[in-house]
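One structure below.
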Amino acid sequence: MPEKYHIHAEPAEPRYQPVFKLSSTERDQCLGCNDCAKRNCIYDVYKKREFLSSELVDSSGSFCKSCMRCVQECKNNILSKLLNPEYTQIGNSYWTPAILTSLWQQAHAGKIPVSGAGYDGPFSGTGFDDMWTDMSEIVRPTRDGIHGREYISTSIDIGTKLDRLHFNGQELADDLPPMFSLPLPIIFDVPRQAGTWRGVKQAVQQAARKLQTLAFCDDRESTGSHIIPRYSINEKIEPDNSSKMIEIFLESCEGQLIDKAEKLAGEISKSKPGLVICIGLPISKNTAQTVVKLAKNKIGTFHLYANHSGRGTGSDSDYFIKEIVRETHRGLLAESIRDCVTILAGGGIAMAEHVAKLIACGADGVVVDNALLVALECRMCLECLEEEPCHVHIDAIDPQWGTKRIVNLLASWHSQLIEVMGAMGLREVRRLRGETGRVMFFRDLEEECYAPIFGKRVW
Amino acid sequence: MLCTDIRKESMVNIIKTPSRFKNRIGKFAVHRSERCTSCGKCVTVCPYSVFVKAGDKMLRPKSYLCSGLKCAESEKGCVKNCPAGALSVAVNPNYKVLGDYRWTPDLIVSTWYQAETGELPYMEIESDSGNSGGGLDRIRIKARPKESIDPKKVDMRINLNKRNDGRPSLIIDMPIYGGGMSFGSISESTMIGRAKNAAAWNTLTCTGEGGYPEALHPYDNHVITQVATGLFGVREETIQRVRMVEFKYAQGAKPGLGGHLLGDKVTEAVARMRESVKGNPLFSPFPFHSVYSIEDHKKHVDWIKHINPKTLVSTKVSTPTDVEMVAVGSYYAGAHVIHIDGSYGGTGAAPEIAKKNIAMPIDYAINKTHRFLTQEGIRDKITLIASGGLRTAHDIFKAIALGADGVVIGTSEMVALECLRCKNCESGRGCARGIATTDPLLGVMFSVDWAFQRMYNLYASFDKQLRKLVAAAGCSSVTEVVGRTELLLHLDYENNENKDKDG
Ligand code: SF4
Ligand code: SF4
Ligand code: SF4
Ligand code: SF4
């Protein structure tokens, strides 16, 4: 058995005061009581409070746990807690304030978010929120095992796989196609705009190396076995010898481009037989059938791209990544070639649960992008796309610090992945791939449980 | 013969039990500006005693008593009648930060009010459903032609032993009992308050997996000993002294993960009870290491039945896709009660990823299980209990109409003790409001009597509402409601003819 894969987290303090949910206000009528409600705060919020002149905020909001005792105990009823307007404004409808603050916390401490008092969110939603993961009541790896002796493997294989071996007498008849393993079903990418931020790029690449995974990269300066150089189809492709894998990225699934990519891939693999060649495709109506077509012609690795909200771009914005991955997975199954192909997919991966869910929908591995920036305190305002300066000066980070933050985030995600797999009774993430029997979809449950009672749902 | 209402009405009564806190958080805030001349007009105008005049000074308005904006905007209200134009009424900003989608600020304030008075609030507050946008929150109880059944005469009892296996019957006076909350996760006042309340209503409460403190001894007849995977504090004598033992296989908040008590909460007393070490976190494993099949489960059930020949056995599981198979398995293993705990409830610490994602919401699982047990021909031989995010009398009625015999509640009891779901119960010293904590200073923020009476009042309000709902459904006993899905409608489905009323 390989050595147990474990990610060591080391706390990495935020550079900025994280945006907090509640702010304190106070009417100007303090009586100066001896037994002040502020002094009785069990979290010492008012004692620790200071005014941060650099950010023009009072730090109390970040320590306050909103127990409301001070509000309810103050003798002159002068204290209030209000929703911090800044909190409601960060992020967007996909990258919600709750997701951002939780990711910051995870990147800070590297721990699984734990809280009391049940689940507080909506019943279900769109995107990844219309599914639940299953659990099995008795037979499973045990939880004390997960955190102790037992091994739940999170490693995946990337590359083309043969459906079976052919022999010529005693000899193998085919060359074995290139393939390698990663200990984690997660690969890094940085959104385009981040490519010019040196510190960010370095942090992501160092973190990839530390975690023994890979990072996509558009420039040719970064090299090493942890780098996946990404080429556009019109570029001259000259992979250096250190890479395990390169990607040829296509703007669309248009026929001519596809033919060209297929030809190119053929040529490169002749000259570099050990290199895994991945075809990058945006998600669209045609993605699934394109993958199936190429896979039938011996292309073995794909990377499906969605935007930061998990959707296609332009006229393809109705498509969500998990649906396209499902469709692709099914298409490959129908041709009995699913096991020969590796599907990577990313865009809109904002929480650890998205990793598990996308894999259950049919991805072998998940590509994480914007979440890495959030680990570095990005607030997903996306103004950098309009070339506005970054509010948190993300371009000026110390790469060492950035590496720690990303490693912490992944430590938390890795543990969470293991928690859900443990609950499902799975010991290997490879077996989660496409296992929709281990998840439940909102529509199916409505159909199964409510249609017999209430009739027809209005969608 | 048992009379319909064994409960000694004379022994306990609803007693008004206000908040422990000086400043109450209500939904509305009444503001009086400096223009006030202390004329006292508002004192006579307001029907809810918001204003009080002491001598010639006006006291601060008791905003939490204000009924709402409708009154404020009406001709009769204080705002229009103040000669100085000094008054305004708005939604309280502090109220807006309470709660969440499931436990809306309205539900929190309404539960507080019920715990204080035993009645539903008169204010403009939605007291029946939350705002999660699915499941029970989109299901409504159909309005029906008026029935002549007297709610007071409705038979609310349920029998937890339907097996006819020679063991005693266990009849509780309402289709509700308290869920497992362990010593270690909640304070002693909370725990004993719960037991006292269970006794007052002739129903049950559960130890959780933290052992059986001696202080619960007087309530033995109303306590369920929980046997969970960690076997913390489980002893033969605590199995022998109760009328029902519960096997906890899983819990909705962290299905498939087992329990977890953080080190901070393992105080001296908790460690003693659990035979563990102070300050060390306690994981209870998942699953039972000795149970890998229904046959193994049967061995467990037989073991309990052997140790206590009079006790009933309940199996608590969470809700995987095949929850109905698990239920059938439990029946064949000899359980009297199958308790399914859905994924959205829970009071203790759990990973957020688990709370949100793992297993099926109870909203689906109830009817699925009920239907399958019926098809298998064993529905009337096992008691089906549901829990996991049930908050109000309406939720309870819906759960029963979907097919449960009864429900278990947990969070609502905590809210009755003024929990506001800030979710810090797991961290540091635990709950700052003294509910879910074993911290010696925080655990004494309220007395057993206060806790008891608040929960008693809440149950009284539930009881009253449920009786009305059952009577309105044309049933004279709550057992007649079980599985009557035609009493319900779902706002997102076609043919929901009563939409006008609630939609
Ligand atoms: S609300 Fe609670 S945690 Fe926040 S400052 Fe007041 S007493 Fe402290
Ligand atoms: S009616 Fe107006 S002026 Fe008179 S006491 Fe009330 S608030 Fe003051
Ligand atoms: S609005 Fe009505 S209930 Fe509220 S304070 Fe004024 S008179 Fe009283
Ligand atoms: S810590 Fe907050 S959520 Fe937990 S019991 Fe106390 S008040 Fe409720």
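Within each chain, counting starts at residue 1; across the structure tokens, chains are named A, B, ... in the order shown, with ligands numbered 1 upward in that order.
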Taking only C-alpha atoms and all ligand atoms into account, which residues are within 8 Å of ligand 4, as an NGL selection string? (:A and (67 or 116-117)) or (:B and (347-348 or 414-415 or 418-426 or 430-437))
For chain B against ligand 2, with a cut-off of 12 Å and counting only C-alpha atoms and all ligand atoms, what is the closest atom pair and its distance in Å to one decimal for every residue that makes the cut, ordered by chain and number, as a Markdown table?
| residue | atom | partner | partner_atom_place_in_ligand_line | distance |
| --- | --- | --- | --- | --- |
| B:Val30 | CA | ligand 2 | 7 (S) | 9.9 |
| B:His31 | CA | ligand 2 | 7 (S) | 8.7 |
| B:Arg32 | CA | ligand 2 | 7 (S) | 5.8 |
| B:Ser33 | CA | ligand 2 | 7 (S) | 7.6 |
| B:Glu34 | CA | ligand 2 | 8 (Fe) | 8.5 |
| B:Arg35 | CA | ligand 2 | 3 (S) | 6.8 |
| B:Cys36 | CA | ligand 2 | 8 (Fe) | 3.7 |
| B:Thr37 | CA | ligand 2 | 3 (S) | 4.4 |
| B:Ser38 | CA | ligand 2 | 5 (S) | 3.7 |
| B:Cys39 | CA | ligand 2 | 4 (Fe) | 3.9 |
| B:Gly40 | CA | ligand 2 | 5 (S) | 3.9 |
| B:Lys41 | CA | ligand 2 | 1 (S) | 4.2 |
| B:Cys42 | CA | ligand 2 | 1 (S) | 4.1 |
| B:Val43 | CA | ligand 2 | 6 (Fe) | 6.6 |
| B:Thr44 | CA | ligand 2 | 1 (S) | 8.7 |
| B:Val45 | CA | ligand 2 | 1 (S) | 8.3 |
| B:Cys46 | CA | ligand 2 | 6 (Fe) | 9.7 |
| B:Ser49 | CA | ligand 2 | 6 (Fe) | 11.9 |
| B:Val50 | CA | ligand 2 | 6 (Fe) | 10.3 |
| B:Phe51 | CA | ligand 2 | 6 (Fe) | 7.4 |
| B:Val52 | CA | ligand 2 | 5 (S) | 8.9 |
| B:Lys53 | CA | ligand 2 | 5 (S) | 7.9 |
| B:Ala54 | CA | ligand 2 | 5 (S) | 11.0 |
| B:Gly55 | CA | ligand 2 | 5 (S) | 11.9 |
| B:Asp56 | CA | ligand 2 | 5 (S) | 9.4 |
| B:Lys57 | CA | ligand 2 | 5 (S) | 8.4 |
| B:Met58 | CA | ligand 2 | 5 (S) | 6.3 |
| B:Leu59 | CA | ligand 2 | 5 (S) | 9.4 |
| B:Arg60 | CA | ligand 2 | 7 (S) | 10.1 |
| B:Pro61 | CA | ligand 2 | 7 (S) | 9.1 |
| B:Gly77 | CA | ligand 2 | 1 (S) | 10.4 |
| B:Cys78 | CA | ligand 2 | 1 (S) | 6.9 |
| B:Val79 | CA | ligand 2 | 2 (Fe) | 7.9 |
| B:Lys80 | CA | ligand 2 | 1 (S) | 9.2 |
| B:Asn81 | CA | ligand 2 | 1 (S) | 6.7 |
| B:Cys82 | CA | ligand 2 | 1 (S) | 3.9 |
| B:Pro83 | CA | ligand 2 | 2 (Fe) | 5.8 |
| B:Ala84 | CA | ligand 2 | 3 (S) | 4.8 |
| B:Gly85 | CA | ligand 2 | 2 (Fe) | 6.2 |
| B:Ala86 | CA | ligand 2 | 2 (Fe) | 5.1 |
| B:Leu87 | CA | ligand 2 | 7 (S) | 5.6 |
| B:Ser88 | CA | ligand 2 | 7 (S) | 9.2 |
| B:Val89 | CA | ligand 2 | 7 (S) | 11.5 |
Let me see the file: selected residues, C-alpha atoms, as a compact mmCIF listing (two decimals), in the first residue's frame.
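So the final result, stored in selection05.txt, reads:
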# COMPACT_ATOMS: atom_id res chain seq x y z
CA VAL B 30 -41.63 51.17 18.00
CA HIS B 31 -39.72 54.40 17.94
CA ARG B 32 -40.71 57.47 19.90
CA SER B 33 -39.03 60.71 18.96
CA GLU B 34 -38.21 63.71 21.06
CA ARG B 35 -41.42 65.35 19.98
CA CYS B 36 -43.33 63.27 22.53
CA THR B 37 -45.12 65.44 25.08
CA SER B 38 -45.94 62.54 27.41
CA CYS B 39 -49.64 63.11 26.89
CA GLY B 40 -50.32 59.41 27.36
CA LYS B 41 -52.68 59.03 24.42
CA CYS B 42 -50.79 56.07 23.05
CA VAL B 43 -51.25 54.23 26.32
CA THR B 44 -54.99 54.23 25.76
CA VAL B 45 -54.78 53.58 22.02
CA CYS B 46 -52.51 50.58 21.86
CA SER B 49 -49.87 47.51 26.27
CA VAL B 50 -46.78 48.60 24.41
CA PHE B 51 -46.81 51.95 26.15
CA VAL B 52 -46.60 52.53 29.86
CA LYS B 53 -46.73 55.78 31.68
CA ALA B 54 -45.00 56.02 35.05
CA GLY B 55 -45.83 59.23 36.86
CA ASP B 56 -45.66 61.84 34.18
CA LYS B 57 -42.91 60.09 32.26
CA MET B 58 -43.34 57.64 29.44
CA LEU B 59 -41.32 54.43 29.80
CA ARG B 60 -39.48 52.98 26.85
CA PRO B 61 -42.06 51.30 24.55
CA GLY B 77 -53.07 52.64 15.69
CA CYS B 78 -50.72 54.65 17.81
CA VAL B 79 -48.88 56.25 14.90
CA LYS B 80 -51.89 58.08 13.52
CA ASN B 81 -53.24 58.93 16.95
CA CYS B 82 -50.22 60.49 18.55
CA PRO B 83 -51.02 64.21 18.67
CA ALA B 84 -47.35 65.09 18.51
CA GLY B 85 -46.57 62.82 15.59
CA ALA B 86 -43.82 61.27 17.68
CA LEU B 87 -44.30 57.59 16.88
CA SER B 88 -43.15 55.30 14.11
CA VAL B 89 -43.14 51.52 13.78
List the neighbours of Arg241 in chain B out to 10 Å using only C-alpha atoms; skip same-chain residues closer than 6 positions along the sequence, and give me the result as a PDB file with all heavy atoms, in the first residue's frame.
ATOM      1  N   HIS B 217     -32.812  10.060  37.182  1.00  0.00           N
ATOM      2  CA  HIS B 217     -33.400   8.865  37.773  1.00  0.00           C
ATOM      3  C   HIS B 217     -34.894   8.991  38.088  1.00  0.00           C
ATOM      4  O   HIS B 217     -35.691   8.115  37.747  1.00  0.00           O
ATOM      5  CB  HIS B 217     -32.621   8.477  39.036  1.00  0.00           C
ATOM      6  CG  HIS B 217     -32.408   6.997  39.155  1.00  0.00           C
ATOM      7  ND1 HIS B 217     -33.179   6.076  38.485  1.00  0.00           N
ATOM      8  CD2 HIS B 217     -31.505   6.293  39.865  1.00  0.00           C
ATOM      9  CE1 HIS B 217     -32.762   4.872  38.782  1.00  0.00           C
ATOM     10  NE2 HIS B 217     -31.733   4.964  39.606  1.00  0.00           N
ATOM     11  N   TYR B 219     -37.064  10.369  36.627  1.00  0.00           N
ATOM     12  CA  TYR B 219     -37.898  10.415  35.416  1.00  0.00           C
ATOM     13  C   TYR B 219     -37.766   9.149  34.571  1.00  0.00           C
ATOM     14  O   TYR B 219     -38.134   9.141  33.399  1.00  0.00           O
ATOM     15  CB  TYR B 219     -37.539  11.653  34.594  1.00  0.00           C
ATOM     16  CG  TYR B 219     -37.571  12.927  35.401  1.00  0.00           C
ATOM     17  CD1 TYR B 219     -36.400  13.479  35.915  1.00  0.00           C
ATOM     18  CD2 TYR B 219     -38.785  13.529  35.705  1.00  0.00           C
ATOM     19  CE1 TYR B 219     -36.437  14.628  36.682  1.00  0.00           C
ATOM     20  CE2 TYR B 219     -38.834  14.682  36.480  1.00  0.00           C
ATOM     21  CZ  TYR B 219     -37.656  15.221  36.968  1.00  0.00           C
ATOM     22  OH  TYR B 219     -37.697  16.349  37.736  1.00  0.00           O
ATOM     23  N   ASP B 220     -37.215   8.095  35.161  1.00  0.00           N
ATOM     24  CA  ASP B 220     -36.927   6.864  34.419  1.00  0.00           C
ATOM     25  C   ASP B 220     -38.025   6.443  33.442  1.00  0.00           C
ATOM     26  O   ASP B 220     -37.742   5.989  32.338  1.00  0.00           O
ATOM     27  CB  ASP B 220     -36.700   5.698  35.383  1.00  0.00           C
ATOM     28  CG  ASP B 220     -35.326   5.767  36.030  1.00  0.00           C
ATOM     29  OD1 ASP B 220     -34.521   6.604  35.577  1.00  0.00           O
ATOM     30  OD2 ASP B 220     -35.075   4.997  36.974  1.00  0.00           O
ATOM     31  N   ASN B 221     -39.279   6.603  33.886  1.00  0.00           N
ATOM     32  CA  ASN B 221     -40.377   6.142  33.044  1.00  0.00           C
ATOM     33  C   ASN B 221     -40.548   6.958  31.773  1.00  0.00           C
ATOM     34  O   ASN B 221     -41.305   6.591  30.895  1.00  0.00           O
ATOM     35  CB  ASN B 221     -41.686   6.184  33.826  1.00  0.00           C
ATOM     36  CG  ASN B 221     -41.893   4.883  34.569  1.00  0.00           C
ATOM     37  OD1 ASN B 221     -41.323   3.861  34.177  1.00  0.00           O
ATOM     38  ND2 ASN B 221     -42.674   4.938  35.632  1.00  0.00           N
ATOM     39  N   VAL B 223     -37.764   8.341  30.144  1.00  0.00           N
ATOM     40  CA  VAL B 223     -36.459   8.518  29.529  1.00  0.00           C
ATOM     41  C   VAL B 223     -36.176   7.327  28.624  1.00  0.00           C
ATOM     42  O   VAL B 223     -36.501   6.189  28.942  1.00  0.00           O
ATOM     43  CB  VAL B 223     -35.359   8.656  30.606  1.00  0.00           C
ATOM     44  CG1 VAL B 223     -33.979   8.688  29.962  1.00  0.00           C
ATOM     45  CG2 VAL B 223     -35.577   9.919  31.430  1.00  0.00           C
ATOM     46  N   ILE B 224     -35.593   7.626  27.470  1.00  0.00           N
ATOM     47  CA  ILE B 224     -35.126   6.578  26.571  1.00  0.00           C
ATOM     48  C   ILE B 224     -33.617   6.501  26.738  1.00  0.00           C
ATOM     49  O   ILE B 224     -32.937   7.519  26.652  1.00  0.00           O
ATOM     50  CB  ILE B 224     -35.440   6.944  25.105  1.00  0.00           C
ATOM     51  CG1 ILE B 224     -36.941   7.162  24.914  1.00  0.00           C
ATOM     52  CG2 ILE B 224     -34.898   5.894  24.156  1.00  0.00           C
ATOM     53  CD1 ILE B 224     -37.289   7.797  23.581  1.00  0.00           C
ATOM     54  N   THR B 225     -33.103   5.323  27.005  1.00  0.00           N
ATOM     55  CA  THR B 225     -31.650   5.188  27.038  1.00  0.00           C
ATOM     56  C   THR B 225     -31.164   4.989  25.612  1.00  0.00           C
ATOM     57  O   THR B 225     -31.640   4.102  24.908  1.00  0.00           O
ATOM     58  CB  THR B 225     -31.226   3.952  27.853  1.00  0.00           C
ATOM     59  OG1 THR B 225     -31.560   4.180  29.221  1.00  0.00           O
ATOM     60  CG2 THR B 225     -29.734   3.705  27.743  1.00  0.00           C
ATOM     61  N   ASN B 308     -33.279  -6.348  29.418  1.00  0.00           N
ATOM     62  CA  ASN B 308     -34.490  -5.775  29.993  1.00  0.00           C
ATOM     63  C   ASN B 308     -35.713  -6.367  29.299  1.00  0.00           C
ATOM     64  O   ASN B 308     -36.104  -5.941  28.223  1.00  0.00           O
ATOM     65  CB  ASN B 308     -34.455  -4.243  29.823  1.00  0.00           C
ATOM     66  CG  ASN B 308     -35.676  -3.585  30.423  1.00  0.00           C
ATOM     67  OD1 ASN B 308     -36.670  -4.250  30.735  1.00  0.00           O
ATOM     68  ND2 ASN B 308     -35.611  -2.272  30.571  1.00  0.00           N
ATOM     69  N   LYS B 310     -38.682  -6.041  29.680  1.00  0.00           N
ATOM     70  CA  LYS B 310     -39.897  -5.234  29.553  1.00  0.00           C
ATOM     71  C   LYS B 310     -39.743  -4.082  28.569  1.00  0.00           C
ATOM     72  O   LYS B 310     -40.709  -3.390  28.263  1.00  0.00           O
ATOM     73  CB  LYS B 310     -40.262  -4.656  30.924  1.00  0.00           C
ATOM     74  CG  LYS B 310     -40.775  -5.715  31.869  1.00  0.00           C
ATOM     75  CD  LYS B 310     -41.712  -5.086  32.851  1.00  0.00           C
ATOM     76  CE  LYS B 310     -42.537  -6.137  33.536  1.00  0.00           C
ATOM     77  NZ  LYS B 310     -42.390  -6.133  34.970  1.00  0.00           N
ATOM     78  N   THR B 311     -38.541  -3.862  28.142  1.00  0.00           N
ATOM     79  CA  THR B 311     -38.330  -2.636  27.369  1.00  0.00           C
ATOM     80  C   THR B 311     -38.705  -2.809  25.903  1.00  0.00           C
ATOM     81  O   THR B 311     -38.687  -3.921  25.364  1.00  0.00           O
ATOM     82  CB  THR B 311     -36.869  -2.175  27.481  1.00  0.00           C
ATOM     83  OG1 THR B 311     -36.787  -0.826  27.019  1.00  0.00           O
ATOM     84  CG2 THR B 311     -35.943  -3.018  26.625  1.00  0.00           C
TER      85      THR B 311
END
Which neighbours of Cys378 in chain A fall inside 8 Å, counting only C-alpha atoms, when residues of the same chain fewer than 5 positions from it are skipped, and could you give them as a ChimeraX atom specification? /A:373,392,394
Going by DSSP on the backbone, which residues of range 313-473 of chain B come out as helix (DSSP H, G or I)? List them as a ChimeraX atom specification. /B:323-333,352-357,362-375,379-381,393-402,411-416,442-444,448-472
Identify all residues of range 100-262 of chain A in strand (DSSP E or B) (DSSP on the backbone) and supply them as number ranges by chain. A: 114-115, 131-133, 153, 156-159, 167-168, 171-172, 179-182, 186-188, 215-217, 227-232, 245-249
